[in-house]
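Next comes structure_17.tsv, a file with TSV, C-alpha atoms.
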chain	number	residue	atom	x	y	z
E	1	MET	CA	-205.02	22.06	9.32
E	2	THR	CA	-204.48	25.79	8.93
E	3	ARG	CA	-207.70	27.84	9.10
E	4	PRO	CA	-208.43	30.64	6.61
E	5	GLY	CA	-206.59	33.77	7.67
E	6	ASP	CA	-204.02	31.89	9.79
E	7	PRO	CA	-200.33	32.28	8.86
E	8	ARG	CA	-199.10	29.49	6.61
E	9	PRO	CA	-196.56	27.48	8.62
E	10	ILE	CA	-193.15	26.15	7.73
E	11	VAL	CA	-193.67	22.37	7.71
E	12	VAL	CA	-190.71	20.10	8.43
E	13	GLY	CA	-190.51	16.33	8.21
E	14	VAL	CA	-188.82	15.22	11.45
E	15	ASP	CA	-186.05	12.65	11.35
E	16	PRO	CA	-186.45	10.30	14.33
E	17	ASP	CA	-182.66	10.24	14.77
E	18	PRO	CA	-181.64	13.26	16.91
E	19	ALA	CA	-178.18	13.15	15.28
E	20	HIS	CA	-179.76	14.34	12.03
E	21	ARG	CA	-181.49	17.65	12.66
E	22	MET	CA	-180.18	19.92	9.91
E	23	ALA	CA	-183.62	20.09	8.27
E	24	LEU	CA	-185.22	20.95	11.61
E	25	VAL	CA	-182.61	23.66	12.23
E	26	TRP	CA	-183.10	25.13	8.74
E	27	ALA	CA	-186.90	25.10	9.07
E	28	ALA	CA	-186.85	26.66	12.55
E	29	ASP	CA	-184.49	29.42	11.39
E	30	GLU	CA	-186.71	30.10	8.38
E	31	ALA	CA	-189.88	30.19	10.49
E	32	ALA	CA	-188.26	32.60	12.95
E	33	ARG	CA	-186.95	34.78	10.12
E	34	ARG	CA	-190.38	34.97	8.48
E	35	ARG	CA	-192.24	35.15	11.80
E	36	LEU	CA	-194.30	32.09	10.96
E	37	PRO	CA	-195.28	29.05	13.06
E	38	LEU	CA	-193.27	25.85	12.69
E	39	ARG	CA	-195.04	22.53	12.18
E	40	PRO	CA	-192.79	19.49	12.82
E	41	VAL	CA	-194.46	16.44	11.25
E	42	LEU	CA	-193.87	12.73	11.84
E	43	ALA	CA	-195.78	9.95	10.06
E	44	GLU	CA	-196.81	6.93	12.11
E	45	GLY	CA	-195.25	3.74	10.88
E	46	VAL	CA	-191.84	5.34	10.38
E	47	PRO	CA	-189.21	3.39	12.36
E	48	THR	CA	-188.19	5.31	15.47
E	49	ARG	CA	-185.26	4.70	17.74
E	50	GLY	CA	-185.99	2.48	20.71
E	51	TYR	CA	-188.32	0.22	18.72
E	52	GLY	CA	-186.28	-2.01	16.51
E	53	ARG	CA	-186.37	-5.58	15.37
E	54	GLY	CA	-187.19	-8.05	18.14
E	55	ARG	CA	-189.07	-5.50	20.24
E	56	THR	CA	-192.43	-5.66	18.46
E	57	PRO	CA	-195.35	-5.85	20.94
E	58	PRO	CA	-197.40	-9.05	20.76
E	59	SER	CA	-200.65	-7.43	19.59
E	60	TRP	CA	-201.68	-4.83	16.98
E	61	GLU	CA	-203.18	-2.58	19.66
E	62	GLU	CA	-199.97	-2.59	21.68
E	63	TRP	CA	-197.87	-2.07	18.55
E	64	ASN	CA	-200.05	0.86	17.51
E	65	GLU	CA	-199.82	2.41	20.97
E	66	ALA	CA	-196.05	1.89	20.98
E	67	LEU	CA	-195.78	3.76	17.67
E	68	HIS	CA	-197.92	6.58	19.05
E	69	LYS	CA	-195.77	6.83	22.15
E	70	ALA	CA	-192.49	6.72	20.24
E	71	GLY	CA	-193.76	9.29	17.74
E	72	ARG	CA	-194.92	11.67	20.44
E	73	GLN	CA	-191.54	11.36	22.15
E	74	VAL	CA	-189.72	12.22	18.92
E	75	LEU	CA	-191.93	15.27	18.36
E	76	ASP	CA	-191.64	16.41	21.98
E	77	GLU	CA	-187.86	16.24	21.73
E	78	ALA	CA	-187.94	18.12	18.42
E	79	ALA	CA	-190.11	20.86	19.93
E	80	GLU	CA	-187.80	21.11	22.94
E	81	PHE	CA	-184.79	21.39	20.64
E	82	VAL	CA	-186.43	24.19	18.66
E	83	GLY	CA	-187.46	25.99	21.86
E	84	GLU	CA	-183.85	26.09	23.04
E	85	HIS	CA	-182.79	27.92	19.86
E	86	HIS	CA	-185.91	30.03	19.24
E	87	PRO	CA	-187.74	30.51	22.57
E	88	GLY	CA	-190.50	32.69	21.13
E	89	LEU	CA	-191.27	30.55	18.10
E	90	ARG	CA	-194.71	28.95	17.91
E	91	VAL	CA	-194.31	25.19	17.40
E	92	ASP	CA	-197.31	22.98	16.50
E	93	PRO	CA	-196.13	19.34	16.20
E	94	LEU	CA	-198.24	16.89	14.18
E	95	LEU	CA	-198.22	13.10	14.50
E	96	ALA	CA	-199.84	11.89	11.26
E	97	GLU	CA	-200.89	8.58	9.76
E	98	GLY	CA	-199.87	7.48	6.29
E	99	ASP	CA	-196.99	7.37	3.87
E	100	PRO	CA	-194.52	10.23	4.53
E	101	ALA	CA	-194.62	11.51	0.93
E	102	TRP	CA	-198.44	11.62	0.98
E	103	VAL	CA	-198.53	13.21	4.45
E	104	LEU	CA	-196.14	15.99	3.47
E	105	ARG	CA	-197.89	16.55	0.15
E	106	GLU	CA	-201.16	17.08	2.01
E	107	GLN	CA	-199.42	19.43	4.44
E	108	SER	CA	-198.09	21.45	1.49
E	109	ARG	CA	-201.63	22.57	0.66
E	110	ASP	CA	-201.57	25.28	3.33
E	111	ALA	CA	-197.83	25.61	4.04
E	112	THR	CA	-195.36	28.35	3.16
E	113	ALA	CA	-192.74	25.65	2.54
E	114	VAL	CA	-192.11	21.99	3.29
E	115	VAL	CA	-188.63	21.08	4.52
E	116	LEU	CA	-187.04	17.64	4.72
E	117	GLY	CA	-183.58	16.24	5.21
E	118	SER	CA	-181.42	14.36	2.75
E	119	ARG	CA	-179.01	11.62	3.70
E	120	HIS	CA	-178.18	8.16	2.36
E	121	LEU	CA	-180.38	5.58	4.07
E	122	THR	CA	-180.90	1.85	3.78
E	123	ARG	CA	-184.40	0.66	2.93
E	124	ALA	CA	-184.99	-0.36	6.57
E	125	GLN	CA	-183.99	3.14	7.73
E	126	GLU	CA	-186.05	5.00	5.12
E	127	VAL	CA	-187.65	8.13	6.64
E	128	PHE	CA	-188.67	11.61	5.53
E	129	GLY	CA	-185.20	12.38	4.23
E	130	SER	CA	-185.10	9.62	1.60
E	131	ALA	CA	-185.16	10.32	-2.11
E	132	SER	CA	-188.36	8.25	-2.42
E	133	VAL	CA	-190.07	11.03	-0.44
E	134	ALA	CA	-188.29	14.05	-1.94
E	135	VAL	CA	-188.84	13.33	-5.64
E	136	PRO	CA	-192.63	12.66	-5.57
E	137	LEU	CA	-193.12	15.46	-3.07
E	138	MET	CA	-191.33	17.95	-5.33
E	139	ALA	CA	-193.44	16.83	-8.27
E	140	HIS	CA	-196.78	17.36	-6.55
E	141	ALA	CA	-196.33	19.80	-3.65
E	142	ARG	CA	-198.42	22.99	-3.62
E	143	CYS	CA	-195.59	25.08	-2.13
E	144	PRO	CA	-191.78	25.24	-2.29
E	145	VAL	CA	-189.99	22.11	-1.08
E	146	VAL	CA	-186.59	22.45	0.59
E	147	VAL	CA	-184.22	19.48	0.81
E	148	VAL	CA	-181.48	20.11	3.37
E	149	PRO	CA	-178.33	17.97	3.20
E	150	GLU	CA	-176.46	16.37	6.08
E	151	PRO	CA	-173.98	17.46	7.29
E	152	GLU	CA	-173.99	21.26	7.26
E	153	HIS	CA	-171.93	22.74	4.43
E	154	VAL	CA	-169.61	25.76	4.48
E	155	THR	CA	-171.02	28.92	2.88
E	156	GLN	CA	-169.05	31.66	1.20
E	157	ASP	CA	-168.85	35.29	2.30
E	158	PRO	CA	-170.55	37.34	0.95
E	159	ALA	CA	-173.47	34.92	1.03
E	160	TYR	CA	-175.51	34.20	-2.09
E	161	TYR	CA	-178.23	32.00	-3.60
E	162	VAL	CA	-177.89	30.21	-6.93
E	163	VAL	CA	-181.00	30.03	-9.13
E	164	GLY	CA	-181.46	28.10	-12.37
E	165	VAL	CA	-183.09	30.15	-15.14
E	166	ASP	CA	-184.54	28.97	-18.46
E	167	GLY	CA	-187.25	31.49	-19.28
E	168	SER	CA	-190.18	29.25	-18.27
E	169	PRO	CA	-192.88	30.24	-15.74
E	170	HIS	CA	-191.41	27.70	-13.33
E	171	SER	CA	-187.97	29.29	-13.43
E	172	ALA	CA	-189.58	32.74	-13.07
E	173	ALA	CA	-191.17	31.55	-9.82
E	174	ALA	CA	-187.78	30.19	-8.74
E	175	VAL	CA	-186.13	33.57	-9.40
E	176	ASP	CA	-188.83	35.31	-7.34
E	177	LEU	CA	-188.15	33.04	-4.37
E	178	ALA	CA	-184.38	33.38	-4.74
E	179	PHE	CA	-184.70	37.16	-4.48
E	180	GLU	CA	-187.11	36.85	-1.55
E	181	GLU	CA	-184.75	34.57	0.38
E	182	ALA	CA	-181.73	36.71	-0.46
E	183	ALA	CA	-183.49	39.87	0.74
E	184	LEU	CA	-184.45	38.17	4.02
E	185	ARG	CA	-180.88	37.07	4.66
E	186	GLY	CA	-178.97	40.05	3.29
E	187	ALA	CA	-177.49	37.83	0.58
E	188	GLY	CA	-176.92	38.05	-3.17
E	189	VAL	CA	-178.33	36.12	-6.13
E	190	ARG	CA	-176.36	34.32	-8.81
E	191	ALA	CA	-178.71	33.53	-11.73
E	192	LEU	CA	-177.47	30.89	-14.18
E	193	PHE	CA	-178.82	29.95	-17.59
E	194	VAL	CA	-177.18	26.60	-18.38
E	195	TRP	CA	-176.59	26.17	-22.09
E	196	GLU	CA	-176.23	22.55	-23.16
E	197	PRO	CA	-175.66	22.60	-26.95
E	198	GLY	CA	-177.04	19.68	-28.95
E	199	PRO	CA	-175.07	17.85	-31.65
E	200	LEU	CA	-177.04	19.51	-34.46
E	201	ARG	CA	-176.33	23.02	-33.17
E	202	ILE	CA	-172.57	22.78	-33.11
E	203	PHE	CA	-172.22	24.98	-36.22
E	204	ASP	CA	-174.97	27.46	-35.37
E	205	GLU	CA	-174.98	28.35	-31.69
E	206	TYR	CA	-174.84	32.12	-31.89
E	207	GLY	CA	-178.57	32.67	-32.42
E	208	PRO	CA	-179.78	30.34	-29.65
E	209	GLN	CA	-177.18	31.66	-27.24
E	210	GLN	CA	-178.26	35.22	-27.89
E	211	GLU	CA	-181.86	34.20	-27.23
E	212	ALA	CA	-180.78	32.54	-23.99
E	213	ARG	CA	-179.00	35.72	-22.90
E	214	ARG	CA	-182.08	37.77	-23.74
E	215	LEU	CA	-184.33	35.47	-21.68
E	216	LEU	CA	-181.92	35.56	-18.77
E	217	SER	CA	-181.65	39.35	-18.77
E	218	GLU	CA	-185.41	39.73	-19.14
E	219	ILE	CA	-186.32	37.43	-16.28
E	220	VAL	CA	-183.90	38.93	-13.76
E	221	ALA	CA	-184.22	42.62	-14.72
E	222	GLY	CA	-187.56	43.31	-13.03
E	223	ARG	CA	-186.63	41.40	-9.89
E	224	GLY	CA	-183.36	43.27	-9.57
E	225	ALA	CA	-185.18	46.59	-9.87
E	226	ARG	CA	-187.68	45.60	-7.13
E	227	CYS	CA	-184.88	44.42	-4.80
E	228	PRO	CA	-182.02	46.85	-5.36
E	229	GLN	CA	-180.44	45.80	-2.05
E	230	VAL	CA	-179.79	42.31	-3.46
E	231	ASP	CA	-176.47	41.97	-5.27
E	232	LEU	CA	-177.32	40.31	-8.61
E	233	ARG	CA	-174.97	38.45	-10.92
E	234	HIS	CA	-176.22	36.57	-13.95
E	235	GLU	CA	-174.48	34.59	-16.63
E	236	LEU	CA	-174.89	32.09	-19.43
E	237	VAL	CA	-172.86	28.95	-18.70
E	238	THR	CA	-172.13	26.10	-21.11
E	239	GLY	CA	-172.14	22.54	-19.81
E	240	HIS	CA	-174.32	19.85	-18.25
E	241	PRO	CA	-176.98	21.25	-15.89
E	242	VAL	CA	-176.25	18.82	-13.05
E	243	GLN	CA	-172.52	19.51	-13.09
E	244	ILE	CA	-172.88	23.28	-13.47
E	245	LEU	CA	-175.49	23.61	-10.71
E	246	THR	CA	-173.62	21.24	-8.40
E	247	ASP	CA	-170.40	23.21	-8.79
E	248	ALA	CA	-172.23	26.51	-8.32
E	249	SER	CA	-173.91	25.25	-5.15
E	250	ALA	CA	-170.63	24.40	-3.41
E	251	HIS	CA	-170.65	27.43	-1.08
E	252	ALA	CA	-174.15	28.83	-1.67
E	253	LEU	CA	-176.87	29.36	0.93
E	254	GLY	CA	-179.25	27.51	-1.37
E	255	LEU	CA	-179.87	26.28	-4.92
E	256	VAL	CA	-183.30	27.39	-6.20
E	257	VAL	CA	-184.94	25.70	-9.19
E	258	GLY	CA	-188.36	25.35	-10.77
E	259	THR	CA	-190.10	22.00	-10.60
E	260	ARG	CA	-190.26	21.84	-14.39
E	261	GLY	CA	-188.27	23.48	-17.12
E	262	ARG	CA	-187.36	23.65	-20.76
E	263	GLY	CA	-184.14	23.78	-22.73
E	264	GLY	CA	-181.23	22.89	-20.45
E	265	PHE	CA	-183.59	22.31	-17.54
E	266	THR	CA	-186.02	19.88	-19.19
E	267	GLY	CA	-187.46	17.63	-16.49
E	268	MET	CA	-185.68	19.52	-13.72
E	269	LEU	CA	-186.35	17.87	-10.35
E	270	LEU	CA	-188.55	15.20	-11.91
E	271	GLY	CA	-186.07	13.20	-13.99
E	272	SER	CA	-182.37	12.36	-14.15
E	273	VAL	CA	-181.26	15.99	-13.77
E	274	SER	CA	-183.38	16.44	-10.66
E	275	GLN	CA	-182.06	13.31	-9.00
E	276	GLY	CA	-178.52	14.30	-9.90
E	277	VAL	CA	-178.98	17.71	-8.28
E	278	LEU	CA	-180.53	16.17	-5.16
E	279	HIS	CA	-177.75	13.64	-4.81
E	280	HIS	CA	-174.85	15.98	-5.49
E	281	ALA	CA	-175.81	19.53	-4.50
E	282	ARG	CA	-173.77	20.72	-1.54
E	283	CYS	CA	-176.36	23.11	-0.16
E	284	PRO	CA	-180.14	23.10	0.45
E	285	VAL	CA	-182.12	22.58	-2.77
E	286	ILE	CA	-185.31	24.65	-3.00
E	287	ALA	CA	-187.82	23.46	-5.61
E	288	VAL	CA	-190.48	26.01	-6.50
E	289	PRO	CA	-193.76	25.25	-8.32
E	290	SER	CA	-195.04	27.97	-10.62
E	291	GLY	CA	-198.64	27.48	-9.52
E	292	PRO	CA	-201.12	24.99	-8.02
E	293	ALA	CA	-200.21	21.38	-8.70

Let me see whether you can do it: turn the structure in this file into structure tokens.
Amino acid sequence: MTRPGDPRPIVVGVDPDPAHRMALVWAADEAARRRLPLRPVLAEGVPTRGYGRGRTPPSWEEWNEALHKAGRQVLDEAAEFVGEHHPGLRVDPLLAEGDPAWVLREQSRDATAVVLGSRHLTRAQEVFGSASVAVPLMAHARCPVVVVPEPEHVTQDPAYYVVGVDGSPHSAAAVDLAFEEAALRGAGVRALFVWEPGPLRIFDEYGPQQEARRLLSEIVAGRGARCPQVDLRHELVTGHPVQILTDASAHALGLVVGTRGRGGFTGMLLGSVSQGVLHHARCPVIAVPSGPA
């Protein structure tokens, strides 16, 4: 656990499969960029390579020791991998007990961000990167949660972040982080207010759309003034939030959203819209809470 006054680490859930390390790469790069320690985390009880069906030790003690040994090996290999890419980065691996979602939620209490991978897994292969970890973690984490897809996607030059805006405190926090990340990487920000007109508003959309434009301009104006080096583009877009954000994320460095929203972003990252974004976004998804959970 981080002591008062210590830098808040970048926490990353480690995938036991060394072929899937995009989340580890993203987290290590972020830790190096922010000059923060990296904390690779693995929960005991997660299946690890080398201990599959038919190889279970005959006793609980031996099984428990085998899990410890396999877990330590995975973390040692992860630390070695990070050291090859960032030799000066402080790496503090943690082998933890418990459900991965609970472990990472507890780690989020004193973390700068929690990072995990996203790939389609069978129930037997379920690890940190599964949706059953990402969704509850995003709902209850005390810090931003980053879900990094496999494989790596192609970004566009000049680089930019996409952020969903709806005028709520949660989207305001998302805009803050989008600008922070963009400034760190020398990238731009594309702020989108997704307008999804309801059936009863088909004849009177002008007023609500004007209000949406006002909210969008208001929420990005101050951030743009504080970070003049960040190229800012903002627009009101009509359509379904999942489709609009998915399309916008195609070549972005990241898609930043609040953990809750209103209007077009109702239930963002907690309901059907959130799961749609997680399943279809083509870049890392960064979910930002507006305050303590």

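CA of Cys227 in chain E sits 19.8 Å away from CA of Asp157 in chain E.
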
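The coordinates place CA of Ala78 in chain E at 16.1 Å from CA of Pro9 in chain E.
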
Excluding same-chain residues fewer than 5 positions from range 102-114 of chain E, what lies within 7 Å of it counting only C-alpha atoms, as JSON, numbers by chain? {"E": [2, 8, 9, 10, 11, 12, 137, 140, 141, 142, 143, 144, 145, 146]}

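Between CA of His280 in chain E and CA of His234 in chain E lies a distance of 22.3 Å.
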
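Taking all atoms listed in the file into account, Ser168 in chain E lies nearest to E:Pro289 out of the set E:Pro228, E:Val133, E:Gln210, E:Pro289.
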
Using all atoms listed in the file, pick whichever of E:Pro93, E:Val163, E:Glu61, E:Ile244 has the shortest atom-to-atom distance to Ile286 in chain E.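 Going through E:Pro93, E:Val163, E:Glu61, E:Ile244 one by one, the smallest distance to Ile286 in chain E is for E:Val163.
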
Which is closest to Ala178 in chain E among E:Glu65, E:Glu211, E:Asp231, E:Asp17, if we use all atoms listed in the file? E:Asp231

Since the input has fewer atoms than a full residue there, write range 58-93 of chain E out with N, CA and C atoms, as an mmCIF file, in the coordinates of the input.
data_model
loop_
_atom_site.group_PDB
_atom_site.id
_atom_site.type_symbol
_atom_site.label_atom_id
_atom_site.label_comp_id
_atom_site.auth_asym_id
_atom_site.auth_seq_id
_atom_site.Cartn_x
_atom_site.Cartn_y
_atom_site.Cartn_z
ATOM 1 N N PRO E 58 -196.735 -7.844 21.225
ATOM 2 C CA PRO E 58 -197.400 -9.050 20.760
ATOM 3 C C PRO E 58 -198.739 -8.819 20.067
ATOM 4 N N SER E 59 -199.352 -7.658 20.224
ATOM 5 C CA SER E 59 -200.650 -7.430 19.590
ATOM 6 C C SER E 59 -200.637 -6.153 18.778
ATOM 7 N N TRP E 60 -201.599 -6.029 17.817
ATOM 8 C CA TRP E 60 -201.680 -4.830 16.980
ATOM 9 C C TRP E 60 -201.950 -3.586 17.827
ATOM 10 N N GLU E 61 -202.848 -3.731 18.815
ATOM 11 C CA GLU E 61 -203.180 -2.580 19.660
ATOM 12 C C GLU E 61 -201.954 -2.067 20.404
ATOM 13 N N GLU E 62 -201.174 -2.994 20.956
ATOM 14 C CA GLU E 62 -199.970 -2.590 21.680
ATOM 15 C C GLU E 62 -198.922 -2.003 20.731
ATOM 16 N N TRP E 63 -198.820 -2.579 19.544
ATOM 17 C CA TRP E 63 -197.870 -2.070 18.550
ATOM 18 C C TRP E 63 -198.272 -0.654 18.128
ATOM 19 N N ASN E 64 -199.562 -0.462 17.909
ATOM 20 C CA ASN E 64 -200.050 0.860 17.510
ATOM 21 C C ASN E 64 -199.792 1.887 18.614
ATOM 22 N N GLU E 65 -200.054 1.504 19.855
ATOM 23 C CA GLU E 65 -199.820 2.410 20.970
ATOM 24 C C GLU E 65 -198.335 2.697 21.139
ATOM 25 N N ALA E 66 -197.496 1.687 20.887
ATOM 26 C CA ALA E 66 -196.050 1.890 20.980
ATOM 27 C C ALA E 66 -195.574 2.889 19.936
ATOM 28 N N LEU E 67 -196.140 2.801 18.718
ATOM 29 C CA LEU E 67 -195.780 3.760 17.670
ATOM 30 C C LEU E 67 -196.214 5.168 18.046
ATOM 31 N N HIS E 68 -197.432 5.281 18.588
ATOM 32 C CA HIS E 68 -197.920 6.580 19.050
ATOM 33 C C HIS E 68 -196.980 7.170 20.097
ATOM 34 N N LYS E 69 -196.620 6.354 21.062
ATOM 35 C CA LYS E 69 -195.770 6.830 22.150
ATOM 36 C C LYS E 69 -194.398 7.241 21.646
ATOM 37 N N ALA E 70 -193.805 6.407 20.784
ATOM 38 C CA ALA E 70 -192.490 6.720 20.240
ATOM 39 C C ALA E 70 -192.542 7.974 19.378
ATOM 40 N N GLY E 71 -193.619 8.107 18.592
ATOM 41 C CA GLY E 71 -193.760 9.290 17.740
ATOM 42 C C GLY E 71 -193.919 10.557 18.544
ATOM 43 N N ARG E 72 -194.733 10.490 19.591
ATOM 44 C CA ARG E 72 -194.920 11.670 20.440
ATOM 45 C C ARG E 72 -193.614 12.068 21.125
ATOM 46 N N GLN E 73 -192.824 11.063 21.512
ATOM 47 C CA GLN E 73 -191.540 11.360 22.150
ATOM 48 C C GLN E 73 -190.607 12.070 21.180
ATOM 49 N N VAL E 74 -190.567 11.594 19.933
ATOM 50 C CA VAL E 74 -189.720 12.220 18.920
ATOM 51 C C VAL E 74 -190.142 13.666 18.698
ATOM 52 N N LEU E 75 -191.449 13.911 18.593
ATOM 53 C CA LEU E 75 -191.930 15.270 18.360
ATOM 54 C C LEU E 75 -191.716 16.166 19.572
ATOM 55 N N ASP E 76 -191.899 15.621 20.771
ATOM 56 C CA ASP E 76 -191.640 16.410 21.980
ATOM 57 C C ASP E 76 -190.179 16.838 22.045
ATOM 58 N N GLU E 77 -189.284 15.923 21.707
ATOM 59 C CA GLU E 77 -187.860 16.240 21.730
ATOM 60 C C GLU E 77 -187.516 17.262 20.649
ATOM 61 N N ALA E 78 -188.171 17.146 19.492
ATOM 62 C CA ALA E 78 -187.940 18.120 18.420
ATOM 63 C C ALA E 78 -188.409 19.505 18.846
ATOM 64 N N ALA E 79 -189.582 19.582 19.470
ATOM 65 C CA ALA E 79 -190.110 20.860 19.930
ATOM 66 C C ALA E 79 -189.215 21.468 20.998
ATOM 67 N N GLU E 80 -188.707 20.632 21.892
ATOM 68 C CA GLU E 80 -187.800 21.110 22.940
ATOM 69 C C GLU E 80 -186.520 21.652 22.327
ATOM 70 N N PHE E 81 -186.003 20.955 21.325
ATOM 71 C CA PHE E 81 -184.790 21.390 20.640
ATOM 72 C C PHE E 81 -184.993 22.752 19.985
ATOM 73 N N VAL E 82 -186.131 22.915 19.307
ATOM 74 C CA VAL E 82 -186.430 24.190 18.660
ATOM 75 C C VAL E 82 -186.567 25.297 19.702
ATOM 76 N N GLY E 83 -187.248 24.994 20.812
ATOM 77 C CA GLY E 83 -187.460 25.990 21.860
ATOM 78 C C GLY E 83 -186.167 26.508 22.454
ATOM 79 N N GLU E 84 -185.145 25.665 22.504
ATOM 80 C CA GLU E 84 -183.850 26.090 23.040
ATOM 81 C C GLU E 84 -183.186 27.116 22.134
ATOM 82 N N HIS E 85 -183.435 27.017 20.821
ATOM 83 C CA HIS E 85 -182.790 27.920 19.860
ATOM 84 C C HIS E 85 -183.660 29.126 19.519
ATOM 85 N N HIS E 86 -184.984 28.943 19.556
ATOM 86 C CA HIS E 86 -185.910 30.030 19.240
ATOM 87 C C HIS E 86 -187.032 30.025 20.290
ATOM 88 N N PRO E 87 -186.772 30.582 21.464
ATOM 89 C CA PRO E 87 -187.740 30.510 22.570
ATOM 90 C C PRO E 87 -189.117 31.064 22.248
ATOM 91 N N GLY E 88 -189.203 32.090 21.400
ATOM 92 C CA GLY E 88 -190.500 32.690 21.130
ATOM 93 C C GLY E 88 -191.238 32.109 19.942
ATOM 94 N N LEU E 89 -190.664 31.098 19.310
ATOM 95 C CA LEU E 89 -191.270 30.550 18.100
ATOM 96 C C LEU E 89 -192.440 29.628 18.431
ATOM 97 N N ARG E 90 -193.548 29.828 17.731
ATOM 98 C CA ARG E 90 -194.710 28.950 17.910
ATOM 99 C C ARG E 90 -194.450 27.628 17.198
ATOM 100 N N VAL E 91 -194.570 26.528 17.935
ATOM 101 C CA VAL E 91 -194.310 25.190 17.400
ATOM 102 C C VAL E 91 -195.560 24.342 17.582
ATOM 103 N N ASP E 92 -196.083 23.797 16.475
ATOM 104 C CA ASP E 92 -197.310 22.980 16.500
ATOM 105 C C ASP E 92 -197.010 21.603 15.920
ATOM 106 N N PRO E 93 -196.491 20.659 16.713
ATOM 107 C CA PRO E 93 -196.130 19.340 16.200
ATOM 108 C C PRO E 93 -197.362 18.570 15.709
#
